[in-house]
file run.txt (compact mmCIF, C-alpha atoms)
# COMPACT_ATOMS: atom_id res chain seq x y z
CA MET L 21 14.49 -60.05 -19.73
CA ALA L 22 15.76 -56.79 -18.19
CA ALA L 23 14.06 -53.48 -18.88
CA SER L 24 15.83 -51.19 -21.28
CA PRO L 25 17.42 -48.04 -19.83
CA SER L 26 14.83 -45.85 -21.58
CA ARG L 27 11.95 -47.87 -20.07
CA ALA L 28 13.55 -47.63 -16.64
CA ARG L 29 13.87 -43.86 -16.98
CA LEU L 30 10.25 -43.64 -18.11
CA ALA L 31 9.11 -45.70 -15.12
CA VAL L 32 11.06 -43.47 -12.74
CA ALA L 33 9.62 -40.34 -14.39
CA VAL L 34 6.05 -41.68 -14.16
CA CYS L 35 6.49 -42.65 -10.50
CA GLY L 36 8.00 -39.25 -9.73
CA SER L 37 5.09 -37.51 -11.45
CA LEU L 38 2.56 -39.56 -9.50
CA VAL L 39 4.27 -38.69 -6.22
CA MET L 40 4.21 -34.97 -7.11
CA VAL L 41 0.50 -35.09 -8.06
CA ALA L 42 -0.34 -36.92 -4.83
CA ALA L 43 1.63 -34.37 -2.80
CA MET L 44 -0.20 -31.48 -4.48
CA LEU L 45 -3.59 -33.09 -3.82
CA PHE L 46 -2.83 -33.72 -0.15
CA THR L 47 -1.40 -30.21 0.27
CA ALA L 48 -4.48 -28.64 -1.35
CA ALA L 49 -6.80 -30.67 0.88
CA GLY L 50 -4.83 -29.63 3.96
CA ALA L 51 -4.86 -25.97 2.93
CA THR L 52 -8.62 -26.10 2.36
CA ALA L 53 -9.12 -27.61 5.81
CA ASP L 54 -6.88 -24.93 7.33
CA ASN L 55 -8.86 -22.19 5.58
CA LEU L 56 -12.14 -23.62 6.86
CA ARG L 57 -10.74 -23.66 10.41
CA LEU L 58 -9.51 -20.09 9.96
CA ASN L 59 -12.90 -18.96 8.64
CA LYS L 60 -14.72 -20.56 11.59
CA SER L 61 -12.23 -19.10 14.06
CA VAL L 62 -12.64 -15.58 12.68
CA LEU L 63 -16.44 -15.94 12.66
CA ASN L 64 -16.36 -17.05 16.30
CA ASP L 65 -14.13 -14.11 17.28
CA ILE L 66 -16.48 -11.67 15.52
CA LEU L 67 -19.46 -13.17 17.37
CA ILE L 68 -17.58 -12.72 20.66
CA ALA L 69 -16.86 -9.07 19.77
CA GLN L 70 -20.55 -8.53 19.06
CA ALA L 71 -21.60 -10.21 22.30
CA ASN L 72 -19.09 -8.11 24.26
CA ASN L 73 -20.68 -5.05 22.67
CA GLY L 74 -24.05 -6.11 24.08
CA CYS L 75 -25.66 -7.22 20.82
CA PRO L 76 -28.94 -8.90 21.81
CA VAL L 77 -29.02 -11.21 18.78
CA GLN L 78 -26.11 -13.35 17.61
CA SER L 79 -25.30 -12.97 13.93
CA ARG L 80 -25.90 -16.04 11.82
CA MET L 81 -23.79 -17.42 9.02
CA ASP L 82 -25.41 -16.57 5.69
CA PRO L 83 -24.34 -18.63 2.66
CA ARG L 84 -25.06 -15.70 0.32
CA LEU L 85 -22.70 -13.44 2.24
CA THR L 86 -20.17 -16.27 2.42
CA ASP L 87 -20.35 -16.45 -1.38
CA ALA L 88 -19.80 -12.67 -1.63
CA ALA L 89 -16.81 -12.98 0.73
CA ARG L 90 -15.45 -15.92 -1.27
CA ARG L 91 -15.70 -13.97 -4.53
CA HIS L 92 -13.84 -10.98 -3.15
CA SER L 93 -11.19 -13.04 -1.33
CA PHE L 94 -10.19 -14.66 -4.64
CA ASP L 95 -10.13 -11.23 -6.28
CA VAL L 96 -8.02 -9.71 -3.48
CA ARG L 97 -5.59 -12.63 -3.57
CA ASP L 98 -5.27 -12.94 -7.34
CA ASN L 99 -5.37 -9.29 -8.43
CA GLN L 100 -3.37 -7.56 -5.68
CA ILE L 101 -6.43 -5.60 -4.56
CA ASP L 102 -6.16 -3.95 -1.16
CA GLY L 103 -9.63 -2.52 -0.68
CA HIS L 104 -13.36 -2.99 -1.07
CA ILE L 105 -13.66 -2.31 -4.81
CA GLY L 106 -13.25 -5.44 -6.93
CA SER L 107 -11.16 -5.70 -10.08
CA ASP L 108 -14.44 -5.57 -12.01
CA GLY L 109 -15.50 -2.37 -10.21
CA SER L 110 -17.93 -4.21 -7.91
CA THR L 111 -18.67 -2.95 -4.41
CA THR L 112 -19.49 -4.92 -1.28
CA ALA L 113 -23.18 -4.25 -1.93
CA ASP L 114 -22.87 -5.43 -5.55
CA ARG L 115 -21.26 -8.71 -4.56
CA ALA L 116 -23.80 -9.34 -1.79
CA ARG L 117 -26.70 -8.58 -4.14
CA ASP L 118 -25.19 -10.72 -6.92
CA SER L 119 -25.05 -13.59 -4.41
CA GLY L 120 -28.76 -13.18 -3.67
CA PHE L 121 -28.58 -11.19 -0.44
CA ILE L 122 -31.15 -8.42 -0.04
CA GLY L 123 -30.23 -5.80 2.53
CA ARG L 124 -27.41 -3.56 3.68
CA SER L 125 -23.91 -4.94 3.69
CA ALA L 126 -20.45 -3.99 4.92
CA GLU L 127 -17.09 -5.69 4.74
CA THR L 128 -13.80 -6.11 6.55
CA ILE L 129 -10.69 -7.35 4.76
CA ALA L 130 -7.42 -8.75 6.07
CA ILE L 131 -4.40 -9.27 3.84
CA ALA L 132 -1.12 -10.94 4.77
CA PRO L 133 1.93 -11.12 2.49
CA SER L 134 2.37 -14.84 3.19
CA VAL L 135 0.53 -18.14 3.30
CA ALA L 136 0.17 -18.00 7.09
CA ILE L 137 -2.29 -15.78 8.90
CA SER L 138 -3.76 -16.02 12.39
CA GLY L 139 -7.46 -15.60 13.11
CA ILE L 140 -6.79 -13.73 16.34
CA ALA L 141 -4.29 -11.46 14.55
CA ILE L 142 -6.97 -10.64 11.97
CA VAL L 143 -9.58 -9.76 14.56
CA ASN L 144 -7.01 -7.69 16.50
CA GLN L 145 -6.16 -5.83 13.28
CA TRP L 146 -9.85 -5.05 12.73
CA TRP L 147 -10.37 -4.22 16.41
CA ASN L 148 -7.65 -1.56 16.23
CA ASP L 149 -9.07 0.00 13.05
CA PRO L 150 -12.02 2.28 13.96
CA GLU L 151 -13.96 1.62 10.73
CA SER L 152 -13.57 -2.16 10.92
CA ARG L 153 -14.33 -2.21 14.64
CA ALA L 154 -17.54 -0.24 14.08
CA ILE L 155 -18.64 -2.77 11.45
CA MET L 156 -17.78 -5.75 13.68
CA GLN L 157 -19.64 -4.31 16.67
CA ASP L 158 -22.73 -3.10 14.78
CA CYS L 159 -25.62 -5.03 16.34
CA SER L 160 -27.72 -4.39 13.20
CA ASN L 161 -25.46 -6.80 11.30
CA THR L 162 -27.30 -10.05 11.99
CA ALA L 163 -25.95 -12.03 9.03
CA ILE L 164 -22.33 -12.74 8.18
CA GLY L 165 -20.16 -14.61 5.73
CA VAL L 166 -16.41 -15.25 6.09
CA TRP L 167 -13.99 -16.65 3.51
CA SER L 168 -10.23 -16.85 3.08
CA GLU L 169 -7.97 -17.77 0.19
CA ASN L 170 -4.21 -18.01 0.07
CA SER L 171 -1.26 -18.46 -2.21
CA PRO L 172 2.40 -18.79 -1.27
CA PHE L 173 2.73 -15.00 -1.40
CA ARG L 174 -0.62 -13.59 -0.25
CA THR L 175 -3.51 -14.50 2.01
CA ALA L 176 -6.82 -12.67 1.84
CA LEU L 177 -9.65 -13.00 4.33
CA VAL L 178 -12.95 -11.22 3.79
CA ALA L 179 -15.89 -10.96 6.17
CA VAL L 180 -19.17 -9.61 4.78
CA TYR L 181 -21.76 -8.42 7.28
CA GLY L 182 -25.41 -7.94 6.47
CA GLN L 183 -28.64 -6.42 7.64
CA PRO L 184 -31.29 -8.58 5.93
CA GLY L 185 -34.20 -6.71 4.41
CA MET L 186 -32.78 -3.24 5.03
CA PRO L 187 -32.53 -1.01 1.95
CA GLN L 188 -29.01 -0.19 0.78

call {"tool": "encode", "arguments": {"input": "run.txt", "output": "structure tokens"}}
result
Amino acid sequence: MAASPSRARLAVAVCGSLVMVAAMLFTAAGATADNLRLNKSVLNDILIAQANNGCPVQSRMDPRLTDAARRHSFDVRDNQIDGHIGSDGSTTADRARDSGFIGRSAETIAIAPSVAISGIAIVNQWWNDPESRAIMQDCSNTAIGVWSENSPFRTALVAVYGQPGMPQ
């Protein structure tokens, strides 16, 4: 017995939907992996900048600062923010404290109007900005968190630097 035309159309529609869902899942997994590579690359480049500045202690990745960077990178990406104040009025220090970090904090932000962004281009951008360069090279910043998020139209990368135990 042959399938009716409506059943055949339904089968094609279901198969097409499954293919689209699978493609979205694989694309999301690939994008996440790319973001993790980007985050690690930027962290490594910051550590090199600190070492070249003569910092005696290498900064360490801090999950609390990574959480603060993650929070702001979503906000920057989703709310068209282009600075350090969040859409909820939060500052770098607020986000670091809310993530459990106790100490001074500072932040560098990179924004690209596309899904693609290069780690070395980010660090070069910060290197050529006196305020960002001063933060990157500050040997007192011994903790760091880096996070990036992207959409088809905007990529945001945030690095949060910290001085554990120092009063804000």

call {"tool": "atom_distance", "arguments": {"input": "run.txt", "atom1": "CA of Arg90 (chain L)", "atom2": "CA of Pro76 (chain L)"}}
result
27.6 Å

call {"tool": "atom_distance", "arguments": {"input": "run.txt", "atom1": "CA of Ile101 (chain L)", "atom2": "CA of Asn161 (chain L)"}}
result
24.8 Å

call {"tool": "residues_around", "arguments": {"input": "run.txt", "residues": "region 164-169 of chain L", "least_positions_apart": "4", "cutoff": "6 Å", "atoms": "all atoms listed in the file", "output": "list in words"}}
result
Asn59, Met81, Asp82, Leu85, Thr86, Ala89, Arg90, Ser93, Thr175, Ala176, Leu177, Val178, Ala179, Val180, Tyr181 and Gly182 of chain L

call {"tool": "residues_around", "arguments": {"input": "run.txt", "residues": "Asp102 (chain L)", "least_positions_apart": "5", "cutoff": "10 Å", "atoms": "only C-alpha atoms", "output": "list in words"}}
result
Asp95, Val96, Arg97, Ile129, Ala130, Ile131 and Ala176 of chain L

call {"tool": "residues_around", "arguments": {"input": "run.txt", "residues": "Met156 (chain L)", "least_positions_apart": "3", "cutoff": "9 Å", "atoms": "all atoms listed in the file", "output": "PyMOL selection string"}}
result
chain L and resi 66-67+69-70+127-128+146-147+151-153+159+161+181

call {"tool": "residues_around", "arguments": {"input": "run.txt", "residues": "Ser160 (chain L)", "least_positions_apart": "6", "cutoff": "9 Å", "atoms": "only C-alpha atoms", "output": "mmCIF file with C-alpha atoms, keeping the file's coordinate frame"}}
result
data_model
loop_
_atom_site.group_PDB
_atom_site.id
_atom_site.type_symbol
_atom_site.label_atom_id
_atom_site.label_comp_id
_atom_site.auth_asym_id
_atom_site.auth_seq_id
_atom_site.Cartn_x
_atom_site.Cartn_y
_atom_site.Cartn_z
ATOM 1 C CA CYS L 75 -25.660 -7.220 20.820
ATOM 2 C CA VAL L 77 -29.020 -11.210 18.780
ATOM 3 C CA SER L 79 -25.300 -12.970 13.930
ATOM 4 C CA GLY L 182 -25.410 -7.940 6.470
ATOM 5 C CA GLN L 183 -28.640 -6.420 7.640
#

call {"tool": "atom_distance", "arguments": {"input": "run.txt", "atom1": "CA of Asn144 (chain L)", "atom2": "CA of Arg84 (chain L)"}}
result
25.5 Å

call {"tool": "closest_residue", "arguments": {"input": "run.txt", "among": "L:Gln100, L:Asn73, L:Ser110, L:Ser125", "to": "Phe173 (chain L)", "atoms": "only C-alpha atoms"}}
result
L:Gln100

call {"tool": "closest_residue", "arguments": {"input": "run.txt", "among": "L:Ile122, L:Leu58, L:Ala163, L:Ala71", "to": "Ile137 (chain L)", "atoms": "only C-alpha atoms"}}
result
L:Leu58

call {"tool": "axis_aligned_box", "arguments": {"input": "run.txt", "around": "region 75-79 of chain L", "padding_each_side": "3 Å", "output": "JSON"}}
result
{"center_x": -27.2, "center_y": -10.3, "center_z": 17.9, "size_x": 9.7, "size_y": 12.1, "size_z": 13.9}

call {"tool": "residues_around", "arguments": {"input": "run.txt", "residues": "Arg115 (chain L)", "least_positions_apart": "4", "cutoff": "8 Å", "atoms": "only C-alpha atoms", "output": "VMD selection string"}}
result
chain L and resid 88 91 to 92 110 to 111 119
